[in-house]
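query.cif follows (mmCIF, C-alpha atoms):
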```
data_target
loop_
_atom_site.label_atom_id
_atom_site.label_comp_id
_atom_site.auth_asym_id
_atom_site.auth_seq_id
_atom_site.Cartn_x
_atom_site.Cartn_y
_atom_site.Cartn_z
CA MET N 1 11.44 23.21 -19.81
CA GLU N 2 14.89 22.14 -18.74
CA SER N 3 13.86 20.64 -15.45
CA THR N 4 12.85 17.17 -16.58
CA GLU N 5 15.81 16.46 -18.84
CA LYS N 6 17.51 13.29 -17.79
CA THR N 7 20.95 14.40 -16.73
CA PRO N 8 23.39 11.55 -16.18
CA VAL N 9 23.03 10.73 -12.52
CA SER N 10 25.94 9.45 -10.50
CA TYR N 11 23.83 8.63 -7.44
CA ALA N 12 25.67 11.45 -5.75
CA HIS N 13 28.38 9.32 -4.21
CA ASP N 14 29.79 5.99 -5.27
CA ASP N 15 29.17 4.73 -1.71
CA ASP N 16 25.43 5.23 -2.16
CA LYS N 17 25.55 3.29 -5.40
CA GLN N 18 27.37 0.35 -3.80
CA ALA N 19 24.94 0.34 -0.87
CA LEU N 20 22.00 0.40 -3.28
CA LEU N 21 23.42 -2.51 -5.28
CA ALA N 22 24.01 -4.49 -2.08
CA ARG N 23 20.38 -3.98 -1.05
CA LEU N 24 19.11 -5.06 -4.47
CA LYS N 25 21.36 -8.16 -4.26
CA ARG N 26 19.66 -9.02 -0.97
CA VAL N 27 16.21 -8.60 -2.54
CA GLU N 28 17.33 -10.91 -5.37
CA GLY N 29 18.31 -13.45 -2.70
CA GLN N 30 14.90 -13.09 -1.06
CA VAL N 31 13.15 -13.75 -4.40
CA ARG N 32 15.32 -16.83 -4.99
CA GLY N 33 14.47 -17.94 -1.46
CA LEU N 34 10.79 -17.64 -2.38
CA GLN N 35 11.35 -19.98 -5.33
CA ARG N 36 12.96 -22.56 -3.04
CA MET N 37 10.02 -22.26 -0.64
CA VAL N 38 7.56 -22.97 -3.47
CA GLU N 39 9.67 -25.87 -4.78
CA GLN N 40 9.69 -27.40 -1.30
CA ASP N 41 5.89 -26.95 -0.89
CA THR N 42 6.32 -24.57 2.05
CA TYR N 43 3.07 -23.65 3.78
CA CYS N 44 1.35 -20.81 1.82
CA VAL N 45 1.07 -18.43 4.76
CA ASP N 46 4.83 -18.66 5.35
CA VAL N 47 5.45 -17.89 1.68
CA LEU N 48 3.10 -14.89 1.95
CA THR N 49 5.06 -13.62 4.97
CA GLN N 50 8.28 -13.76 2.95
CA ILE N 51 6.64 -11.97 0.01
CA SER N 52 5.65 -9.16 2.39
CA ALA N 53 9.27 -8.98 3.59
CA ALA N 54 10.62 -8.79 0.01
CA THR N 55 8.04 -6.12 -0.86
CA ARG N 56 9.09 -4.03 2.13
CA ALA N 57 12.74 -4.41 1.19
CA LEU N 58 11.99 -3.16 -2.34
CA GLN N 59 10.06 -0.21 -0.93
CA ALA N 60 12.97 0.64 1.38
CA VAL N 61 15.22 0.75 -1.69
CA ALA N 62 12.69 3.04 -3.40
CA LEU N 63 12.52 5.37 -0.40
CA GLY N 64 16.33 5.60 -0.27
CA LEU N 65 16.46 6.41 -3.98
CA LEU N 66 13.70 8.96 -3.59
CA GLU N 67 15.51 10.75 -0.75
CA GLY N 68 18.61 10.96 -2.95
CA HIS N 69 16.53 12.20 -5.87
CA LEU N 70 14.94 14.97 -3.78
CA ASN N 71 18.31 15.96 -2.29
CA HIS N 72 20.04 16.14 -5.65
CA CYS N 73 17.81 16.52 -8.70
CA VAL N 74 14.95 18.46 -7.09
CA VAL N 75 17.24 20.65 -4.98
CA ASP N 76 19.46 21.44 -7.99
CA ALA N 77 16.38 22.34 -10.05
CA ALA N 78 15.19 24.63 -7.24
CA ARG N 79 18.52 26.43 -7.18
CA GLN N 80 18.80 26.75 -10.95
CA GLY N 81 15.30 27.94 -11.78
CA ASP N 82 11.77 26.59 -11.76
CA PRO N 83 11.57 23.13 -10.13
CA THR N 84 7.82 22.68 -10.72
CA ALA N 85 8.19 20.05 -13.44
CA LYS N 86 10.77 18.08 -11.41
CA VAL N 87 8.49 18.17 -8.36
CA LYS N 88 5.54 17.00 -10.45
CA GLU N 89 7.61 14.14 -11.84
CA ALA N 90 8.75 13.13 -8.33
CA THR N 91 5.16 13.27 -7.02
CA GLU N 92 4.02 10.99 -9.83
CA ALA N 93 6.76 8.51 -8.91
CA ILE N 94 5.62 8.69 -5.26
CA ALA N 95 2.01 8.09 -6.36
CA ARG N 96 3.11 4.90 -8.16
CA LEU N 97 4.88 3.72 -5.00
CA VAL N 98 1.90 4.51 -2.76
CA ARG N 99 -0.42 2.60 -5.08
CA SER N 100 1.86 -0.40 -5.60
CA MET Z 1 19.20 23.46 11.81
CA GLU Z 2 16.66 25.96 10.60
CA SER Z 3 15.20 23.75 7.96
CA THR Z 4 12.69 21.79 10.01
CA GLU Z 5 11.18 24.69 11.90
CA LYS Z 6 7.47 24.77 11.35
CA THR Z 7 6.90 28.04 9.57
CA PRO Z 8 3.24 29.02 9.36
CA VAL Z 9 2.08 27.55 6.10
CA SER Z 10 -0.55 29.24 4.02
CA TYR Z 11 -0.90 26.34 1.57
CA ALA Z 12 0.63 28.64 -1.01
CA HIS Z 13 -2.64 29.94 -2.36
CA ASP Z 14 -6.03 30.20 -0.77
CA ASP Z 15 -7.48 28.38 -3.80
CA ASP Z 16 -5.43 25.31 -2.95
CA LYS Z 17 -6.72 25.43 0.62
CA GLN Z 18 -10.36 25.60 -0.52
CA ALA Z 19 -9.82 22.74 -2.97
CA LEU Z 20 -8.20 20.68 -0.22
CA LEU Z 21 -11.09 21.34 2.16
CA ALA Z 22 -13.59 20.38 -0.54
CA ARG Z 23 -11.79 17.08 -1.11
CA LEU Z 24 -11.73 16.32 2.62
CA LYS Z 25 -15.47 17.14 2.81
CA ARG Z 26 -16.04 14.54 0.10
CA VAL Z 27 -14.00 11.96 2.01
CA GLU Z 28 -16.11 12.74 5.10
CA GLY Z 29 -19.20 12.07 2.97
CA GLN Z 30 -17.72 8.77 1.83
CA VAL Z 31 -17.09 7.71 5.44
CA ARG Z 32 -20.66 8.65 6.40
CA GLY Z 33 -21.85 6.67 3.38
CA LEU Z 34 -19.93 3.67 4.76
CA GLN Z 35 -21.82 3.98 8.04
CA ARG Z 36 -25.14 3.95 6.20
CA MET Z 37 -24.04 0.88 4.25
CA VAL Z 38 -23.24 -0.96 7.49
CA GLU Z 39 -26.51 0.15 9.11
CA GLN Z 40 -28.41 -1.20 6.12
CA ASP Z 41 -26.52 -4.53 6.16
CA THR Z 42 -25.01 -3.94 2.74
CA TYR Z 43 -23.10 -6.89 1.34
CA CYS Z 44 -19.55 -6.95 2.84
CA VAL Z 45 -17.74 -6.98 -0.49
CA ASP Z 46 -19.57 -3.82 -1.57
CA VAL Z 47 -18.58 -2.14 1.70
CA LEU Z 48 -14.96 -3.21 1.10
CA THR Z 49 -15.08 -1.66 -2.39
CA GLN Z 50 -16.21 1.65 -0.89
CA ILE Z 51 -13.50 1.51 1.77
CA SER Z 52 -10.92 1.12 -1.02
CA ALA Z 53 -12.43 4.18 -2.76
CA ALA Z 54 -12.27 6.27 0.43
CA THR Z 55 -8.68 5.14 1.05
CA ARG Z 56 -7.68 6.17 -2.46
CA ALA Z 57 -9.37 9.54 -2.02
CA LEU Z 58 -7.41 10.13 1.20
CA GLN Z 59 -4.19 9.17 -0.54
CA ALA Z 60 -4.96 11.58 -3.40
CA VAL Z 61 -5.33 14.35 -0.81
CA ALA Z 62 -1.97 13.32 0.68
CA LEU Z 63 -0.26 13.35 -2.72
CA GLY Z 64 -1.64 16.83 -3.47
CA LEU Z 65 -0.41 18.11 -0.10
CA LEU Z 66 2.96 16.49 -0.65
CA GLU Z 67 3.39 18.12 -4.06
CA GLY Z 68 2.63 21.51 -2.47
CA HIS Z 69 5.05 20.77 0.36
CA LEU Z 70 7.87 19.89 -2.05
CA ASN Z 71 7.14 22.94 -4.22
CA HIS Z 72 7.09 25.34 -1.29
CA CYS Z 73 8.83 24.16 1.87
CA VAL Z 74 11.50 21.97 0.30
CA VAL Z 75 12.21 24.35 -2.57
CA ASP Z 76 12.45 27.33 -0.19
CA ALA Z 77 14.83 25.38 2.03
CA ALA Z 78 16.96 24.51 -1.01
CA ARG Z 79 17.20 28.17 -1.97
CA GLN Z 80 17.94 29.40 1.54
CA GLY Z 81 20.56 26.89 2.59
CA ASP Z 82 20.81 23.21 3.40
CA PRO Z 83 17.55 21.36 2.65
CA THR Z 84 18.79 17.97 3.91
CA ALA Z 85 16.67 17.95 7.08
CA LYS Z 86 13.54 19.06 5.19
CA VAL Z 87 14.10 16.33 2.58
CA LYS Z 88 14.59 13.73 5.31
CA GLU Z 89 11.37 14.85 6.99
CA ALA Z 90 9.46 14.68 3.67
CA THR Z 91 10.87 11.21 2.93
CA GLU Z 92 9.72 9.97 6.33
CA ALA Z 93 6.22 11.29 5.60
CA ILE Z 94 6.30 9.51 2.23
CA ALA Z 95 7.41 6.28 3.96
CA ARG Z 96 4.38 6.50 6.27
CA LEU Z 97 2.11 6.92 3.24
CA VAL Z 98 3.70 4.03 1.35
CA ARG Z 99 3.29 1.77 4.39
CA SER Z 100 -0.27 2.82 5.21
CA MET Y 1 -23.58 -19.67 -10.06
CA GLU Y 2 -25.23 -19.42 -6.70
CA SER Y 3 -22.20 -18.56 -4.76
CA THR Y 4 -21.97 -14.83 -5.45
CA GLU Y 5 -25.59 -14.01 -4.79
CA LYS Y 6 -25.85 -11.23 -2.29
CA THR Y 7 -27.58 -12.79 0.65
CA PRO Y 8 -28.74 -10.29 3.26
CA VAL Y 9 -25.87 -10.04 5.68
CA SER Y 10 -26.41 -9.33 9.30
CA TYR Y 11 -22.71 -8.89 10.07
CA ALA Y 12 -23.02 -12.12 12.01
CA HIS Y 13 -23.72 -10.51 15.34
CA ASP Y 14 -25.22 -7.17 16.22
CA ASP Y 15 -22.20 -6.51 18.46
CA ASP Y 16 -19.90 -6.64 15.44
CA LYS Y 17 -22.12 -4.16 13.64
CA GLN Y 18 -22.07 -1.70 16.55
CA ALA Y 19 -18.29 -2.03 16.87
CA LEU Y 20 -17.91 -1.43 13.13
CA LEU Y 21 -20.11 1.67 13.27
CA ALA Y 22 -18.12 3.00 16.23
CA ARG Y 23 -14.86 2.58 14.31
CA LEU Y 24 -16.30 4.35 11.25
CA LYS Y 25 -17.51 7.20 13.51
CA ARG Y 26 -13.94 7.57 14.76
CA VAL Y 27 -12.62 7.68 11.17
CA GLU Y 28 -15.23 10.37 10.41
CA GLY Y 29 -13.86 12.32 13.40
CA GLN Y 30 -10.32 11.94 12.06
CA VAL Y 31 -11.38 13.31 8.66
CA ARG Y 32 -13.11 16.26 10.32
CA GLY Y 33 -9.93 16.79 12.36
CA LEU Y 34 -8.00 16.93 9.08
CA GLN Y 35 -10.30 19.71 7.86
CA ARG Y 36 -9.63 21.72 11.02
CA MET Y 37 -5.88 21.21 10.56
CA VAL Y 38 -6.07 22.58 7.02
CA GLU Y 39 -8.27 25.52 8.10
CA GLN Y 40 -5.72 26.39 10.79
CA ASP Y 41 -2.80 26.15 8.35
CA THR Y 42 -1.21 23.27 10.24
CA TYR Y 43 2.23 22.30 8.98
CA CYS Y 44 1.86 20.01 5.93
CA VAL Y 45 3.93 17.15 7.32
CA ASP Y 46 1.72 16.98 10.42
CA VAL Y 47 -1.36 16.84 8.18
CA LEU Y 48 0.27 14.02 6.18
CA THR Y 49 0.92 12.10 9.41
CA GLN Y 50 -2.76 12.35 10.30
CA ILE Y 51 -3.81 11.25 6.81
CA SER Y 52 -1.65 8.14 7.26
CA ALA Y 53 -3.38 7.49 10.58
CA ALA Y 54 -6.85 7.83 9.03
CA THR Y 55 -5.85 5.56 6.14
CA ARG Y 56 -4.63 2.91 8.57
CA ALA Y 57 -7.85 3.18 10.55
CA LEU Y 58 -9.90 2.63 7.37
CA GLN Y 59 -7.76 -0.37 6.47
CA ALA Y 60 -8.25 -1.83 9.94
CA VAL Y 61 -12.02 -1.56 9.40
CA ALA Y 62 -11.60 -3.32 6.04
CA LEU Y 63 -9.54 -6.13 7.57
CA GLY Y 64 -12.15 -6.66 10.29
CA LEU Y 65 -14.93 -6.80 7.69
CA LEU Y 66 -12.89 -9.18 5.57
CA GLU Y 67 -12.31 -11.57 8.46
CA GLY Y 68 -16.06 -11.61 9.09
CA HIS Y 69 -16.73 -12.16 5.39
CA LEU Y 70 -14.34 -15.12 5.23
CA ASN Y 71 -15.76 -16.60 8.45
CA HIS Y 72 -19.37 -16.31 7.33
CA CYS Y 73 -19.94 -15.98 3.59
CA VAL Y 74 -16.94 -17.96 2.35
CA VAL Y 75 -17.23 -20.65 5.00
CA ASP Y 76 -20.98 -21.04 4.35
CA ALA Y 77 -20.31 -21.33 0.62
CA ALA Y 78 -17.67 -24.00 1.30
CA ARG Y 79 -20.13 -26.01 3.36
CA GLN Y 80 -22.97 -25.67 0.90
CA GLY Y 81 -21.17 -26.43 -2.32
CA ASP Y 82 -18.55 -24.87 -4.55
CA PRO Y 83 -17.02 -21.76 -2.97
CA THR Y 84 -14.76 -20.93 -5.94
CA ALA Y 85 -16.74 -17.88 -7.08
CA LYS Y 86 -16.98 -16.51 -3.52
CA VAL Y 87 -13.23 -16.97 -3.03
CA LYS Y 88 -12.53 -15.24 -6.33
CA GLU Y 89 -14.76 -12.34 -5.33
CA ALA Y 90 -13.03 -12.06 -1.93
CA THR Y 91 -9.59 -12.16 -3.57
CA GLU Y 92 -10.58 -9.33 -5.90
CA ALA Y 93 -11.68 -7.26 -2.91
CA ILE Y 94 -8.33 -8.01 -1.22
CA ALA Y 95 -6.50 -6.96 -4.40
CA ARG Y 96 -8.31 -3.61 -4.31
CA LEU Y 97 -7.25 -3.13 -0.68
CA VAL Y 98 -3.63 -4.08 -1.36
CA ARG Y 99 -3.47 -1.61 -4.26
CA SER Y 100 -5.24 1.26 -2.50
CA MET C 1 -6.91 -26.51 17.54
CA GLU C 2 -6.28 -28.58 14.49
CA SER C 3 -6.94 -25.87 12.04
CA THR C 4 -3.56 -24.15 11.95
CA GLU C 5 -1.41 -27.22 11.63
CA LYS C 6 0.84 -26.93 8.65
CA THR C 7 -0.29 -29.74 6.41
CA PRO C 8 2.06 -30.43 3.50
CA VAL C 9 0.73 -28.32 0.69
CA SER C 10 1.04 -29.38 -2.89
CA TYR C 11 -0.22 -26.07 -4.28
CA ALA C 12 -3.28 -27.99 -5.40
CA HIS C 13 -2.00 -28.81 -8.84
CA ASP C 14 1.51 -29.08 -10.17
CA ASP C 15 0.53 -26.63 -12.94
CA ASP C 16 -0.11 -23.92 -10.36
CA LYS C 17 3.30 -24.57 -8.85
CA GLN C 18 5.07 -24.28 -12.20
CA ALA C 19 3.18 -21.07 -13.00
CA LEU C 20 4.10 -19.66 -9.59
CA LEU C 21 7.78 -20.51 -10.10
CA ALA C 22 7.72 -18.90 -13.55
CA ARG C 23 6.30 -15.69 -12.08
CA LEU C 24 8.92 -15.61 -9.33
CA LYS C 25 11.64 -16.17 -11.97
CA ARG C 26 10.33 -13.10 -13.78
CA VAL C 27 10.43 -11.05 -10.58
CA GLU C 28 14.04 -12.21 -10.06
CA GLY C 29 14.78 -10.96 -13.59
CA GLN C 30 13.18 -7.60 -12.75
CA VAL C 31 15.35 -7.26 -9.63
CA ARG C 32 18.48 -8.09 -11.64
CA GLY C 33 17.34 -5.51 -14.21
CA LEU C 34 17.17 -2.97 -11.38
CA GLN C 35 20.79 -3.73 -10.50
CA ARG C 36 21.85 -3.10 -14.10
CA MET C 37 19.93 0.19 -14.12
CA VAL C 38 21.77 1.34 -11.01
CA GLU C 39 25.15 0.20 -12.38
CA GLN C 40 24.49 2.21 -15.55
CA ASP C 41 23.43 5.32 -13.60
CA THR C 42 19.90 5.23 -15.00
CA TYR C 43 17.79 8.26 -14.08
CA CYS C 44 16.34 7.77 -10.55
CA VAL C 45 12.72 8.25 -11.56
CA ASP C 46 13.02 5.48 -14.15
CA VAL C 47 14.49 3.17 -11.50
CA LEU C 48 11.58 4.05 -9.18
CA THR C 49 9.11 3.18 -11.94
CA GLN C 50 10.72 -0.25 -12.29
CA ILE C 51 10.69 -0.79 -8.53
CA SER C 52 6.92 -0.11 -8.57
CA ALA C 53 6.55 -2.68 -11.37
CA ALA C 54 8.52 -5.32 -9.43
CA THR C 55 6.50 -4.59 -6.28
CA ARG C 56 3.25 -5.04 -8.18
CA ALA C 57 4.51 -8.30 -9.67
CA LEU C 58 5.34 -9.61 -6.18
CA GLN C 59 1.90 -8.59 -4.94
CA ALA C 60 0.26 -10.38 -7.88
CA VAL C 61 2.13 -13.54 -6.85
CA ALA C 62 0.89 -13.05 -3.28
CA LEU C 63 -2.72 -12.59 -4.42
CA GLY C 64 -2.53 -15.76 -6.52
CA LEU C 65 -1.13 -17.72 -3.57
CA LEU C 66 -3.79 -16.28 -1.31
CA GLU C 67 -6.61 -17.31 -3.63
CA GLY C 68 -5.20 -20.85 -3.66
CA HIS C 69 -4.86 -20.81 0.11
CA LEU C 70 -8.50 -19.73 0.58
CA ASN C 71 -9.72 -22.28 -1.97
CA HIS C 72 -7.82 -25.17 -0.42
CA CYS C 73 -6.73 -24.71 3.20
CA VAL C 74 -9.56 -22.46 4.39
CA VAL C 75 -12.26 -24.33 2.49
CA ASP C 76 -10.99 -27.70 3.75
CA ALA C 77 -10.97 -26.36 7.30
CA ALA C 78 -14.55 -25.13 6.85
CA ARG C 79 -15.66 -28.56 5.69
CA GLN C 80 -13.82 -30.45 8.41
CA GLY C 81 -14.77 -28.37 11.41
CA ASP C 82 -14.09 -24.92 12.83
CA PRO C 83 -12.16 -22.75 10.36
CA THR C 84 -11.90 -19.73 12.70
CA ALA C 85 -8.17 -20.12 13.39
CA LYS C 86 -7.36 -20.63 9.70
CA VAL C 87 -9.38 -17.54 8.78
CA LYS C 88 -7.61 -15.50 11.46
CA GLU C 89 -4.24 -16.65 10.16
CA ALA C 90 -5.21 -15.76 6.57
CA THR C 91 -6.48 -12.33 7.67
CA GLU C 92 -3.17 -11.64 9.42
CA ALA C 93 -1.31 -12.55 6.23
CA ILE C 94 -3.60 -10.19 4.28
CA ALA C 95 -2.93 -7.43 6.83
CA ARG C 96 0.82 -7.82 6.25
CA LEU C 97 0.27 -7.53 2.49
CA VAL C 98 -1.98 -4.46 2.82
CA ARG C 99 0.61 -2.74 5.00
CA SER C 100 3.65 -3.66 2.91
#
```
Output the structure of this file as structure tokens.
Amino acid sequence: MESTEKTPVSYAHDDDKQALLARLKRVEGQVRGLQRMVEQDTYCVDVLTQISAATRALQAVALGLLEGHLNHCVVDAARQGDPTAKVKEATEAIARLVRS
Amino acid sequence: MESTEKTPVSYAHDDDKQALLARLKRVEGQVRGLQRMVEQDTYCVDVLTQISAATRALQAVALGLLEGHLNHCVVDAARQGDPTAKVKEATEAIARLVRS
Amino acid sequence: MESTEKTPVSYAHDDDKQALLARLKRVEGQVRGLQRMVEQDTYCVDVLTQISAATRALQAVALGLLEGHLNHCVVDAARQGDPTAKVKEATEAIARLVRS
Amino acid sequence: MESTEKTPVSYAHDDDKQALLARLKRVEGQVRGLQRMVEQDTYCVDVLTQISAATRALQAVALGLLEGHLNHCVVDAARQGDPTAKVKEATEAIARLVRS
């Protein structure tokens, strides 16, 4: 069952990788901003709003990664043989996102 | 851009289609059960628990459909040419699930 | 621990109850619509879009119920004594919604 | 409408505040871990798994904050007068969490 082996991934293009890192840097900034809000006793509901924003930003990163994964790993598996195991693995990752 | 045309889909196998219909029938039963709970003034928190169960059941249906869609439509597109548009369309559907 | 006893709930006003039942009827219609879509071999992505719509409708029902629960059960508990157990119970219900 | 004024919040007890900050520090560590995974070309599905974990951690912080908010701000509002506006505000924050 070759299809789930973890081939070294180069995130397709180096541009994608830099964009991904920039987005994760921004999420890190959002989480640090949350700490400052708590330190300064910011009103709870405003903190909750910022947590929702950080959560959405993380999910946007996940959706970008997932699109790349489908376009590269799943598509390559489809062209080289039986992609069933890769598709199952991707669906399980999607299930974790949907439920988190 | 052939890849997003809506080819008639037979849900791969008729078995899958029957299983899918059976699961949706069960969700329909859950939603009717919710109506009975409200009619009988069931305690709110118990109604909320059942809504969560029905939501999860709907999401399980979606994940099953999505796995079939990746295995058939996306894989076929990958084998026949450029699957980029199909992958984009699938990712947008996943985004709607993640955010619902 | 009086605060989690399941007092008969009348959904505050009969109007709220009728509105709630009407919304659940509509969700039932959406789930039956999903069955027709599957029977007619509707394109998977369109079925997924409708599942997202039904999920959102169920969550809107849950949020309406929750607002009523906070306004009645939690507020009454706060006025009558220690609402900690009621708040804990409500938070657990919210956690189930967030994760479903 | 006194109930939505943003009273300075001390997160009830200083212990809660320190615990909250510690949890947010851990989330920050998870997000930095995600950056390292991307830099080292970690397999996409493993990165997705970690994003789900970080998302869940953020939601756990939100649920903790929300429980405190209900126990303090909403309960105080209930005891001092009409809590309807506070409950509406809390429900809107919950809706953003459910949909993120």
Atomic distance CA of Leu20 in chain C - CA of Gln50 in chain N, expressed in Å with one decimal = 14.5 Å
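In terms of minimum interatomic distance to chain Z, N:Arg79 ranks closest within N:Arg32, N:His69, N:Arg79, N:Arg96, counting only C-alpha atoms.
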Could you state which residues are captured by the PyMOL selection byres ((chain N and resi 97) around 9) in this file, as a ChimeraX atom specification?
-> /N:59,62,92-96,98-100 /Z:98 /C:48-49,51-52,55
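Among the candidate residues Z:Leu58, Z:Ala19, Z:Val75, Z:Met37, the one lying nearest to chain N is Z:Val75, with distances computed using all atoms listed in the file.
When CA of Val27 in chain Z is paired with CA of Lys25 in chain Y, their separation reads 12.9 Å.
On the file presented, the PyMOL selection byres ((chain C and resi 31) around 8) picks out Leu24, Val27 and Glu28 of chain N; Val27, Glu28, Gly29, Gln30, Arg32, Gly33, Leu34, Gln35 and Ala54 of chain C.
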Residues matched by the PyMOL selection byres ((chain N and resi 65) around 9), written as a ChimeraX atom specification | /N:11,20,60-64,66-70 /C:44-45,47-48
Figure out the distance between CA of Asp16 in chain Y and CA of Val87 in chain Y, please, to one decimal in Å.
-> 22.2 Å
What are the centre and the three edge lengths of an axis-aligned box that wraps all atoms of range 21-27 of chain Y in the file, given that 8 Å is added to every side, written as JSON and rounded to one decimal in Å?
```
{"center_x": -16.4, "center_y": 4.7, "center_z": 13.7, "size_x": 23.5, "size_y": 22.0, "size_z": 21.1}
```
With all atoms listed in the file as the counted atoms, please give the residues lying no more than 12 Å from Gln80 in chain N, apart from itself and same-chain residues fewer than 4 positions off, as a PDB file with C-alpha atoms, in the frame of the given file.
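For reference, around13.pdb as written:
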```pdb
ATOM      1  CA  GLU N   2      14.890  22.140 -18.740  1.00  0.00           C
ATOM      2  CA  SER N   3      13.860  20.640 -15.450  1.00  0.00           C
ATOM      3  CA  HIS N  72      20.040  16.140  -5.650  1.00  0.00           C
ATOM      4  CA  CYS N  73      17.810  16.520  -8.700  1.00  0.00           C
ATOM      5  CA  VAL N  74      14.950  18.460  -7.090  1.00  0.00           C
ATOM      6  CA  VAL N  75      17.240  20.650  -4.980  1.00  0.00           C
ATOM      7  CA  ASP N  76      19.460  21.440  -7.990  1.00  0.00           C
ATOM      8  CA  THR N  84       7.820  22.680 -10.720  1.00  0.00           C
ATOM      9  CA  LYS N  86      10.770  18.080 -11.410  1.00  0.00           C
TER      10      LYS N  86
ATOM     11  CA  VAL Z  75      12.210  24.350  -2.570  1.00  0.00           C
ATOM     12  CA  ALA Z  78      16.960  24.510  -1.010  1.00  0.00           C
ATOM     13  CA  ARG Z  79      17.200  28.170  -1.970  1.00  0.00           C
TER      14      ARG Z  79
END
```
